[in-house]
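One file, query_5.tsv, is given below (TSV, C-alpha atoms and all ligand atoms).
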chain	number	residue	atom	x	y	z
U	1	MET	CA	0.00	0.00	0.00
U	2	PRO	CA	1.58	3.31	-1.00
U	3	LEU	CA	1.88	6.19	1.46
U	4	HIS	CA	-1.02	8.59	1.77
U	5	PRO	CA	-0.31	11.91	0.07
U	6	LEU	CA	1.49	14.56	2.09
U	7	ILE	CA	-1.01	17.07	3.44
U	8	GLY	CA	-0.38	20.81	3.80
U	9	HIS	CA	2.96	22.51	4.59
U	10	LEU	CA	3.03	24.10	1.16
U	11	GLY	CA	5.47	26.84	2.20
U	12	ALA	CA	8.02	24.35	3.54
U	13	ARG	CA	7.59	22.20	0.45
U	14	ARG	CA	8.21	25.12	-1.87
U	15	ARG	CA	11.32	26.22	0.01
U	16	LEU	CA	12.73	22.70	0.09
U	17	ALA	CA	11.97	22.11	-3.60
U	18	LYS	CA	13.61	25.39	-4.53
U	19	ALA	CA	16.70	24.56	-2.48
U	20	ALA	CA	16.87	21.07	-4.00
U	21	GLY	CA	16.39	22.44	-7.51
U	22	THR	CA	19.24	24.91	-7.17
U	23	GLY	CA	21.60	22.47	-5.45
U	24	LYS	CA	21.40	24.39	-2.17
U	25	LEU	CA	19.67	21.82	-0.04
U	26	PRO	CA	21.58	21.50	3.27
U	27	GLN	CA	22.83	17.98	3.96
U	28	VAL	CA	21.47	17.89	7.50
U	29	LEU	CA	17.93	19.05	8.16
U	30	LEU	CA	15.87	19.05	11.33
U	31	ILE	CA	12.12	19.02	10.79
U	32	CYS	CA	10.39	20.35	13.92
U	33	GLY	CA	6.69	20.59	14.64
U	34	GLY	CA	3.90	19.33	16.88
U	35	THR	CA	2.81	15.70	17.22
U	36	GLY	CA	1.19	14.24	14.13
U	37	VAL	CA	1.52	17.22	11.78
U	38	GLY	CA	3.44	15.12	9.24
U	39	LYS	CA	7.14	15.59	10.00
U	40	GLN	CA	8.18	12.08	8.97
U	41	ARG	CA	5.80	12.21	6.04
U	42	LEU	CA	7.50	15.42	4.87
U	43	ALA	CA	10.88	13.72	5.28
U	44	LEU	CA	9.69	10.90	3.00
U	45	TRP	CA	8.30	13.44	0.55
U	46	LEU	CA	11.73	15.07	0.44
U	47	ALA	CA	13.40	11.67	-0.01
U	48	GLN	CA	11.05	11.12	-2.93
U	49	LEU	CA	11.72	14.59	-4.35
U	50	VAL	CA	15.50	14.23	-4.37
U	51	SER	CA	15.28	10.73	-5.86
U	52	CYS	CA	12.59	11.48	-8.47
U	53	GLU	CA	13.68	11.14	-12.10
U	54	GLN	CA	11.50	14.10	-13.14
U	55	ARG	CA	13.17	16.79	-10.98
U	56	GLY	CA	10.02	18.86	-10.55
U	57	GLU	CA	8.67	20.95	-7.68
U	58	GLU	CA	6.86	17.90	-6.37
U	59	PRO	CA	7.82	14.23	-6.71
U	60	CYS	CA	6.09	12.86	-9.83
U	61	GLY	CA	4.89	9.82	-7.92
U	62	ASN	CA	5.13	7.62	-11.02
U	63	CYS	CA	8.79	7.03	-11.77
U	64	ARG	CA	10.62	4.00	-10.43
U	65	ALA	CA	12.34	5.99	-7.66
U	66	CYS	CA	9.11	7.63	-6.53
U	67	ARG	CA	7.33	4.29	-6.43
U	68	LEU	CA	10.15	2.67	-4.45
U	69	VAL	CA	10.15	5.46	-1.85
U	70	GLY	CA	6.34	5.46	-1.77
U	71	THR	CA	6.28	1.77	-0.88
U	72	LEU	CA	9.13	2.15	1.62
U	73	SER	CA	11.35	-0.12	-0.42
U	74	HIS	CA	13.96	2.25	-1.89
U	75	PRO	CA	17.37	0.75	-1.10
U	76	ASP	CA	18.94	4.19	-0.59
U	77	VAL	CA	16.28	5.61	1.71
U	78	HIS	CA	16.80	4.52	5.29
U	79	TRP	CA	14.11	5.36	7.81
U	80	PHE	CA	15.22	4.94	11.42
U	81	VAL	CA	12.47	5.00	14.03
U	82	PRO	CA	12.92	4.54	17.78
U	83	ILE	CA	12.79	0.86	18.78
U	84	GLY	CA	12.92	-1.19	21.97
U	85	ARG	CA	16.19	-2.13	23.63
U	86	PRO	CA	17.84	-5.14	21.96
U	87	LYS	CA	17.77	-8.47	23.77
U	88	ALA	CA	21.12	-9.79	22.52
U	89	SER	CA	24.23	-8.95	24.54
U	90	ASP	CA	26.84	-9.27	21.78
U	91	PRO	CA	27.25	-5.85	20.08
U	92	ASP	CA	27.23	-7.28	16.52
U	93	LYS	CA	24.13	-9.34	17.27
U	94	GLN	CA	22.49	-6.19	18.66
U	95	VAL	CA	23.06	-4.40	15.35
U	96	GLU	CA	21.53	-7.35	13.47
U	97	GLU	CA	18.60	-7.34	15.86
U	98	ALA	CA	18.07	-3.60	15.36
U	99	ALA	CA	18.10	-4.11	11.57
U	100	GLN	CA	15.51	-6.87	11.88
U	101	VAL	CA	13.26	-4.84	14.16
U	102	LEU	CA	13.45	-1.84	11.83
U	103	ALA	CA	12.65	-4.04	8.82
U	104	GLN	CA	9.63	-5.34	10.69
U	105	VAL	CA	8.44	-1.80	11.52
U	106	MET	CA	8.76	-0.88	7.82
U	107	GLU	CA	6.75	-3.98	6.91
U	108	GLU	CA	4.03	-2.87	9.33
U	109	ARG	CA	4.04	0.64	7.91
U	110	ARG	CA	3.77	-0.71	4.40
U	111	SER	CA	0.58	-2.54	5.32
U	112	GLN	CA	-0.68	0.21	7.66
U	113	PRO	CA	0.78	3.57	6.58
U	114	LEU	CA	-1.27	5.48	9.15
U	115	TYR	CA	0.77	4.42	12.15
U	116	SER	CA	0.15	5.55	15.70
U	117	GLU	CA	2.50	7.10	18.22
U	118	THR	CA	5.76	5.34	19.11
U	119	GLU	CA	5.87	3.65	22.47
U	120	GLY	CA	7.36	5.83	25.17
U	121	THR	CA	10.20	3.45	25.95
U	122	ALA	CA	11.49	3.15	22.38
U	123	ILE	CA	14.87	4.79	21.72
U	124	HIS	CA	17.68	5.19	19.24
U	125	GLY	CA	20.25	3.17	21.15
U	126	ILE	CA	23.83	2.29	20.41
U	127	ALA	CA	22.87	-0.59	18.07
U	128	THR	CA	20.83	1.79	15.90
U	129	VAL	CA	23.70	4.26	15.72
U	130	ARG	CA	26.09	1.48	14.68
U	131	LEU	CA	23.64	0.32	12.03
U	132	LEU	CA	23.30	3.87	10.73
U	133	GLN	CA	27.08	4.20	10.64
U	134	ARG	CA	27.40	0.97	8.65
U	135	ARG	CA	24.73	1.97	6.16
U	136	ALA	CA	26.19	5.44	5.75
U	137	ALA	CA	29.50	3.87	4.78
U	138	LEU	CA	27.95	2.00	1.83
U	139	THR	CA	27.63	3.41	-1.67
U	140	SER	CA	24.37	4.27	-3.40
U	141	VAL	CA	22.51	1.24	-4.81
U	142	GLU	CA	20.43	3.17	-7.34
U	143	GLY	CA	23.17	5.67	-8.12
U	144	GLY	CA	21.38	8.70	-6.67
U	145	ARG	CA	21.12	10.40	-3.28
U	146	ARG	CA	21.17	8.39	-0.11
U	147	VAL	CA	18.69	9.59	2.50
U	148	PHE	CA	18.78	8.86	6.22
U	149	ILE	CA	15.66	9.79	8.17
U	150	ILE	CA	16.14	9.79	11.93
U	151	ALA	CA	12.66	10.07	13.36
U	152	GLU	CA	12.19	11.48	16.84
U	153	ALA	CA	15.86	12.32	17.05
U	154	ASP	CA	15.41	13.47	20.66
U	155	ARG	CA	15.14	9.78	21.52
U	156	LEU	CA	18.80	9.27	20.89
U	157	VAL	CA	19.75	8.39	24.40
U	158	PRO	CA	23.27	9.67	25.08
U	159	GLN	CA	23.94	7.47	28.09
U	160	GLU	CA	22.80	4.42	26.10
U	161	ALA	CA	24.84	5.23	23.07
U	162	SER	CA	28.40	5.05	24.23
U	163	GLN	CA	30.52	8.14	23.81
U	164	GLU	CA	32.10	6.43	20.82
U	165	ALA	CA	28.77	5.91	19.07
U	166	ALA	CA	27.54	9.41	19.88
U	167	ASN	CA	30.76	10.82	18.46
U	168	ALA	CA	30.42	8.69	15.35
U	169	LEU	CA	26.95	10.05	14.75
U	170	LEU	CA	28.08	13.62	15.33
U	171	LYS	CA	30.91	13.11	12.90
U	172	LEU	CA	28.44	11.85	10.30
U	173	LEU	CA	26.33	14.95	10.77
U	174	GLU	CA	29.37	17.18	10.73
U	175	GLU	CA	30.77	15.73	7.54
U	176	PRO	CA	27.97	13.85	5.82
U	177	PRO	CA	29.27	11.48	3.13
U	178	PRO	CA	28.99	12.96	-0.39
U	179	GLY	CA	25.54	12.54	-1.90
U	180	SER	CA	23.89	11.83	1.45
U	181	LEU	CA	21.04	13.67	3.10
U	182	PHE	CA	20.20	13.40	6.79
U	183	ILE	CA	16.71	14.37	7.90
U	184	LEU	CA	16.05	14.45	11.63
U	185	THR	CA	12.60	15.04	13.06
U	186	THR	CA	11.52	16.12	16.53
U	187	VAL	CA	8.60	17.61	18.42
U	188	ASP	CA	10.95	19.53	20.64
U	189	PRO	CA	14.38	20.68	19.39
U	190	SER	CA	15.44	21.69	22.91
U	191	ARG	CA	15.62	17.99	23.78
U	192	LEU	CA	18.22	17.24	21.15
U	193	LEU	CA	21.86	16.98	22.07
U	194	PRO	CA	23.21	20.53	21.57
U	195	THR	CA	25.96	19.21	19.33
U	196	MET	CA	23.37	17.62	17.03
U	197	LEU	CA	21.23	20.73	17.07
U	198	SER	CA	24.09	22.94	16.01
U	199	ARG	CA	24.73	20.81	12.91
U	200	ALA	CA	21.19	20.77	11.51
U	201	ILE	CA	19.27	23.41	9.58
U	202	PRO	CA	15.76	23.68	11.03
U	203	VAL	CA	12.56	23.33	8.99
U	204	ARG	CA	9.62	24.37	11.16
U	205	LEU	CA	6.15	23.00	10.52
U	206	GLY	CA	3.01	24.59	11.94
U	207	LYS	CA	-0.36	23.05	12.60
U	208	LEU	CA	-2.49	21.96	9.66
U	209	THR	CA	-5.70	23.87	8.97
U	210	ASP	CA	-9.06	22.41	9.98
U	211	GLY	CA	-9.85	22.14	6.27
U	212	GLU	CA	-6.76	19.99	5.68
U	213	VAL	CA	-7.56	17.73	8.64
U	214	ARG	CA	-11.18	17.41	7.49
U	215	GLU	CA	-10.12	16.47	3.99
U	216	PHE	CA	-7.71	13.88	5.37
U	217	LEU	CA	-10.39	12.27	7.55
U	218	GLU	CA	-12.89	12.25	4.70
U	219	THR	CA	-10.45	10.68	2.29
U	220	HIS	CA	-8.57	8.20	4.44
U	221	VAL	CA	-10.68	7.09	7.38
U	222	ARG	CA	-12.96	4.10	6.78
U	223	PRO	CA	-15.72	3.60	7.68
U	224	ARG	CA	-16.37	7.20	6.84
U	225	PRO	CA	-17.29	9.23	9.95
U	226	SER	CA	-20.74	10.85	10.11
U	227	ALA	CA	-20.89	14.62	9.53
U	228	GLU	CA	-21.21	15.23	13.25
U	229	GLU	CA	-18.38	12.89	14.21
U	230	LEU	CA	-16.23	14.42	11.50
U	231	GLU	CA	-16.59	17.93	12.92
U	232	GLN	CA	-15.93	16.69	16.43
U	233	ARG	CA	-12.78	14.89	15.33
U	234	VAL	CA	-11.56	17.95	13.44
U	235	ALA	CA	-11.96	19.96	16.65
U	236	TRP	CA	-10.15	17.34	18.74
U	237	ALA	CA	-7.36	17.09	16.20
U	238	ASP	CA	-6.33	20.70	16.65
U	239	GLY	CA	-4.35	20.75	13.41
U	240	SER	CA	-2.73	17.32	13.78
U	241	ILE	CA	-3.35	14.27	11.60
U	242	GLY	CA	-1.95	12.14	14.43
U	243	TRP	CA	-4.57	13.45	16.83
U	244	ALA	CA	-7.26	13.17	14.18
U	245	LEU	CA	-6.46	9.47	13.85
U	246	ALA	CA	-6.18	8.94	17.61
U	247	SER	CA	-9.55	10.66	18.08
U	248	GLY	CA	-11.16	7.53	16.59
U	249	GLU	CA	-10.27	5.73	19.83
U	250	GLU	CA	-11.37	6.51	23.35
U	251	SER	CA	-7.83	6.66	24.73
U	252	GLY	CA	-6.82	9.13	22.01
U	253	ARG	CA	-9.78	11.37	22.72
U	254	ALA	CA	-9.06	11.24	26.46
U	255	TYR	CA	-5.43	12.18	25.94
U	256	GLN	CA	-6.29	15.01	23.61
U	257	ALA	CA	-9.00	16.34	25.95
U	258	ALA	CA	-6.51	16.29	28.84
U	259	ARG	CA	-3.91	18.09	26.74
U	260	GLN	CA	-6.38	20.79	25.71
U	261	LEU	CA	-7.50	21.26	29.30
U	262	LEU	CA	-3.91	21.69	30.46
U	263	GLU	CA	-3.17	24.15	27.69
U	264	GLY	CA	-6.25	26.16	28.66
U	265	VAL	CA	-5.33	26.10	32.33
U	266	THR	CA	-1.71	27.10	31.85
U	267	ALA	CA	-2.67	29.91	29.45
U	268	GLY	CA	-4.29	31.64	32.46
U	269	PRO	CA	-7.78	33.12	32.75
U	270	GLY	CA	-9.25	33.98	29.38
U	271	PRO	CA	-10.93	32.55	26.33
U	272	SER	CA	-8.79	29.42	26.01
U	273	LEU	CA	-9.53	28.37	29.59
U	274	GLU	CA	-13.23	29.06	29.08
U	275	GLN	CA	-13.15	26.99	25.93
U	276	ALA	CA	-11.24	24.14	27.56
U	277	LEU	CA	-13.76	23.96	30.39
U	278	ARG	CA	-16.75	24.14	28.11
U	279	GLN	CA	-15.98	22.22	24.98
U	280	ALA	CA	-15.48	18.68	26.21
U	281	PRO	CA	-18.45	16.69	24.92
U	282	TRP	CA	-18.81	14.24	27.77
U	283	ALA	CA	-21.13	11.76	26.20
U	284	ALA	CA	-20.57	9.31	29.02
U	285	ARG	CA	-19.13	9.37	32.50
U	286	GLY	CA	-16.56	6.82	31.35
U	287	GLU	CA	-15.11	9.30	28.88
U	288	PHE	CA	-14.76	11.87	31.62
U	289	THR	CA	-12.89	9.54	33.95
U	290	ALA	CA	-10.72	8.41	31.02
U	291	MET	CA	-9.78	12.07	30.51
U	292	LEU	CA	-8.90	12.40	34.21
U	293	ASP	CA	-6.72	9.30	33.97
U	294	ALA	CA	-4.95	10.72	30.94
U	295	LEU	CA	-4.47	13.99	32.81
U	296	ALA	CA	-2.91	12.20	35.79
U	297	GLU	CA	-0.62	10.26	33.47
U	298	MET	CA	0.49	13.43	31.71
U	299	LEU	CA	1.23	15.20	34.99
U	300	GLY	CA	3.13	12.13	36.17
U	301	ASP	CA	5.22	12.16	33.02
U	302	ALA	CA	5.95	15.87	33.46
U	303	ALA	CA	6.98	15.25	37.09
U	304	ARG	CA	9.27	12.44	35.92
U	305	GLU	CA	10.82	14.69	33.32
U	306	SER	CA	11.30	17.55	35.80
U	307	VAL	CA	13.69	15.33	37.79
U	308	GLY	CA	15.59	14.25	34.68
U	309	GLN	CA	13.88	10.91	34.04
U	310	GLN	CA	12.60	9.77	30.68
U	311	PRO	CA	8.85	10.43	30.35
U	312	ARG	CA	6.71	7.65	28.90
U	313	ARG	CA	5.11	9.97	26.37
U	314	ALA	CA	6.01	13.40	25.06
U	315	VAL	CA	5.15	15.98	27.72
U	316	PRO	CA	3.01	18.92	26.50
U	317	GLN	CA	5.01	22.10	26.13
U	318	SER	CA	2.84	23.91	28.69
U	319	LEU	CA	4.00	21.55	31.46
U	320	ARG	CA	7.68	21.63	30.67
U	321	ARG	CA	8.56	24.86	32.44
U	322	HIS	CA	8.47	23.25	35.90
U	323	ARG	CA	11.91	22.64	37.24
U	324	SER	CA	10.59	20.90	40.36
U	325	PRO	CA	8.03	18.08	40.60
U	326	ASP	CA	6.15	19.69	43.53
U	327	PRO	CA	3.48	21.69	41.64
U	328	LEU	CA	2.95	18.73	39.33
U	329	LEU	CA	2.46	16.33	42.23
U	330	LYS	CA	0.07	18.78	43.86
U	331	ALA	CA	-1.88	18.94	40.58
U	332	MET	CA	-2.01	15.13	40.51
U	333	GLU	CA	-3.62	15.17	43.97
U	334	HIS	CA	-6.35	17.48	42.70
U	335	VAL	CA	-6.93	15.17	39.74
U	336	ALA	CA	-7.14	12.17	42.07
U	337	ASP	CA	-9.76	14.01	44.19
U	338	ALA	CA	-11.78	14.82	41.08
U	339	ARG	CA	-11.48	11.18	39.99
U	340	GLU	CA	-12.95	10.07	43.29
U	341	ALA	CA	-15.74	12.64	43.15
U	342	ALA	CA	-16.53	11.49	39.62
U	343	TRP	CA	-17.72	8.17	41.05
U	344	GLY	CA	-20.52	10.02	42.83
U	345	ASN	CA	-23.42	11.72	41.18
U	346	VAL	CA	-21.59	14.96	40.44
U	347	ASN	CA	-21.97	16.77	37.14
U	348	PRO	CA	-18.71	16.32	35.15
U	349	GLN	CA	-18.89	19.89	33.85
U	350	LEU	CA	-19.06	21.23	37.39
U	351	LEU	CA	-16.20	18.99	38.54
U	352	LEU	CA	-14.14	20.16	35.62
U	353	ALA	CA	-14.73	23.83	36.46
U	354	VAL	CA	-13.52	23.26	40.02
U	355	LEU	CA	-10.56	21.18	38.89
U	356	GLY	CA	-9.63	23.81	36.30
U	357	GLN	CA	-9.44	26.45	39.04
U	358	GLU	CA	-7.38	24.21	41.29
U	359	LEU	CA	-4.94	23.33	38.53
U	360	ALA	CA	-4.62	26.97	37.52
U	361	GLU	CA	-3.53	27.79	41.09
U	362	VAL	CA	-0.78	25.19	41.30
U	363	LEU	CA	0.58	24.99	37.75
C	401	ZN	ZN	9.26	10.57	-9.66
Could the structure of this file be written out as structure tokens, please?
Ligand SMILES: [Zn+2]
Amino acid sequence: MPLHPLIGHLGARRRLAKAAGTGKLPQVLLICGGTGVGKQRLALWLAQLVSCEQRGEEPCGNCRACRLVGTLSHPDVHWFVPIGRPKASDPDKQVEEAAQVLAQVMEERRSQPLYSETEGTAIHGIATVRLLQRRAALTSVEGGRRVFIIAEADRLVPQEASQEAANALLKLLEEPPPGSLFILTTVDPSRLLPTMLSRAIPVRLGKLTDGEVREFLETHVRPRPSAEELEQRVAWADGSIGWALASGEESGRAYQAARQLLEGVTAGPGPSLEQALRQAPWAARGEFTAMLDALAEMLGDAARESVGQQPRRAVPQSLRRHRSPDPLLKAMEHVADAREAAWGNVNPQLLLAVLGQELAEVL
């Protein structure tokens, strides 16, 4: 199954196409932008563009190179995604294992191109870096550019990757082999190793428009959502295809509702808080408690991150300014109280209003 078409980001596409067309494309790019806006999809689009035999402003989609990239089978396009820690103990076996796991992920993405979020514990460990190093040392199979996509580059764990491996990667980024292109993606550039950050030229992606998200849902989600569901999912998605997809599941909706509530609360009194407190369509009490659970989980992750531990999921920007876990733990207590009250016969909207006030005071 070929990839779904890239949606939106026309400005970035034009700039990249112009740079590629005039031979001025930097060899190391860092695509930054919110969850699910299409960073890795844009990286693949660029891989297709630089490999395409037609050399236009957009990949033609029909030539051999375009088709190979579109089915994730181009031998010179290497897509590295975070994976679990290898089980083998021998370093060479670990590299083999990483290659196998990555091949399996690609197989899954070929059959299901609309993938969901990576698991929180997945990383780019030392085996992945060694594999990347080995592949970067090879010559082009098809005779054109070689592209290395390092998705969620902030998951390169420096203490996991030995100093030697980290240095090897930095050297690759500092002096990329001729004809190679490295595309890193991240939600949050500040989490990248500073040395990596300094070597990459940023490409910033904004949110998609509601119209773009709507069109995506209409075209790609089956069974087709009803008109009402469609509008609700567009609102939940908040400019992200990732969220639009997740909004088809209860856990995704709960997470997104919790995120919007936190954004409203941390923005201070005003329209966004009002909106956050009002908009949640609590069809059932279960959805409300699922949102509270997601909220507690998010606060827990932020508390973990504030003491230097790895969060299980990406922490919303609005929670990342806390340098101590105390306010976050206090906020978790308020959520736990609301969770308990939610068992009783209390109106969720009323509970939410009270909780919103309490969170605003501590966060
Ligand atoms: Zn083409």
Self-check item: Gap from CA of Glu263 (chain U) to CA of Gly206 (chain U) - Å, one decimal
Solution: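 CA of Glu263 (chain U) sits 16.9 Å away from CA of Gly206 (chain U).
Distance-wise, CA of Gly239 (chain U) and CA of Met106 (chain U) end up 25.9 Å apart.
Taking CA of Pro176 (chain U) as the reference point, CA of Ser51 (chain U) is found at 17.5 Å.
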Enclose all atoms of region 238-249 of chain U listed in the file in an axis-aligned box, grow every side by 8 Å, and hand back centre and edge lengths in Å to one decimal, as lines of an AutoDock Vina configuration file.
center_x = -6.6
center_y = 13.2
center_z = 15.7
size_x = 25.2
size_y = 31.0
size_z = 24.2
Rows by chain and residue number, chain U within 10 Å of ligand ZN 401 (chain C), shortest pair, all atoms listed in the file, as a tab-separated table:
residue	atom	partner	partner_atom	distance
U:Gln48	CA	C:ZN401	ZN	7.0
U:Leu49	CA	C:ZN401	ZN	7.1
U:Val50	CA	C:ZN401	ZN	9.0
U:Ser51	CA	C:ZN401	ZN	7.1
U:Cys52	CA	C:ZN401	ZN	3.7
U:Glu53	CA	C:ZN401	ZN	5.1
U:Gln54	CA	C:ZN401	ZN	5.4
U:Arg55	CA	C:ZN401	ZN	7.5
U:Gly56	CA	C:ZN401	ZN	8.4
U:Glu58	CA	C:ZN401	ZN	8.4
U:Pro59	CA	C:ZN401	ZN	4.9
U:Cys60	CA	C:ZN401	ZN	3.9
U:Gly61	CA	C:ZN401	ZN	4.8
U:Asn62	CA	C:ZN401	ZN	5.3
U:Cys63	CA	C:ZN401	ZN	4.1
U:Arg64	CA	C:ZN401	ZN	6.8
U:Ala65	CA	C:ZN401	ZN	5.9
U:Cys66	CA	C:ZN401	ZN	4.3
U:Arg67	CA	C:ZN401	ZN	7.3
U:Leu68	CA	C:ZN401	ZN	9.5
U:Val69	CA	C:ZN401	ZN	9.4
U:Gly70	CA	C:ZN401	ZN	9.8
Exercise. Determine the nearest neighbour of Arg323 (chain U) from the options U:Val307, U:Ala151, U:Met196, U:Leu25, counting all atoms listed in the file.
Key: U:Val307
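Distances to Glu96 (chain U) were evaluated for U:Arg155, U:Arg130, U:Arg224, U:His4 using only C-alpha atoms, and the minimum falls at U:Arg130.
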Self-check item: Contacts of Pro82 (chain U) within 8 Å, all atoms listed in the file, excl. fewer than 3 positions in-chain, as a list in words
Solution: Thr118, Ala122, Ile123, His124, Ala151, Glu152 and Arg155 of chain U
Quiz item: Out of U:His78, U:Lys39, U:Arg313, U:His334, which residue has the shortest atom-to-atom distance to Ala103 (chain U) when counting only C-alpha atoms?
Solution: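 Smallest distance to Ala103 (chain U) is found for U:His78.
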Practice problem: Counting all atoms listed in the file, write as a list in words all protein and nucleic acid residues lying at most 10 Å from (-8.5, 9.3, 24.4) in the file's frame. | Solution: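 Residues with an atom close enough to that point: Trp236, Trp243, Ala246, Ser247, Gly248, Glu249, Glu250, Ser251, Gly252, Arg253, Ala254, Tyr255, Gln256, Ala257, Ala258, Glu287, Phe288, Ala290, Met291, Asp293 and Ala294 of chain U.
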Contacts of Arg214 (chain U) at 8 Å or less, counting all atoms listed in the file, minus same-chain residues fewer than 3 places along, as a PDB file with C-alpha atoms, keeping the file's coordinate frame?
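Now in result-v5.pdb:
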ATOM      1  CA  ASP U 210      -9.060  22.410   9.980  1.00  0.00           C
ATOM      2  CA  GLY U 211      -9.850  22.140   6.270  1.00  0.00           C
ATOM      3  CA  LEU U 217     -10.390  12.270   7.550  1.00  0.00           C
ATOM      4  CA  GLU U 218     -12.890  12.250   4.700  1.00  0.00           C
ATOM      5  CA  LEU U 230     -16.230  14.420  11.500  1.00  0.00           C
ATOM      6  CA  GLU U 231     -16.590  17.930  12.920  1.00  0.00           C
ATOM      7  CA  VAL U 234     -11.560  17.950  13.440  1.00  0.00           C
TER       8      VAL U 234
END
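Counting all atoms listed in the file, the residue from U:Gly143, U:Pro5, U:Pro269, U:Gly300 that sits nearest to Gln357 (chain U) is U:Pro269.
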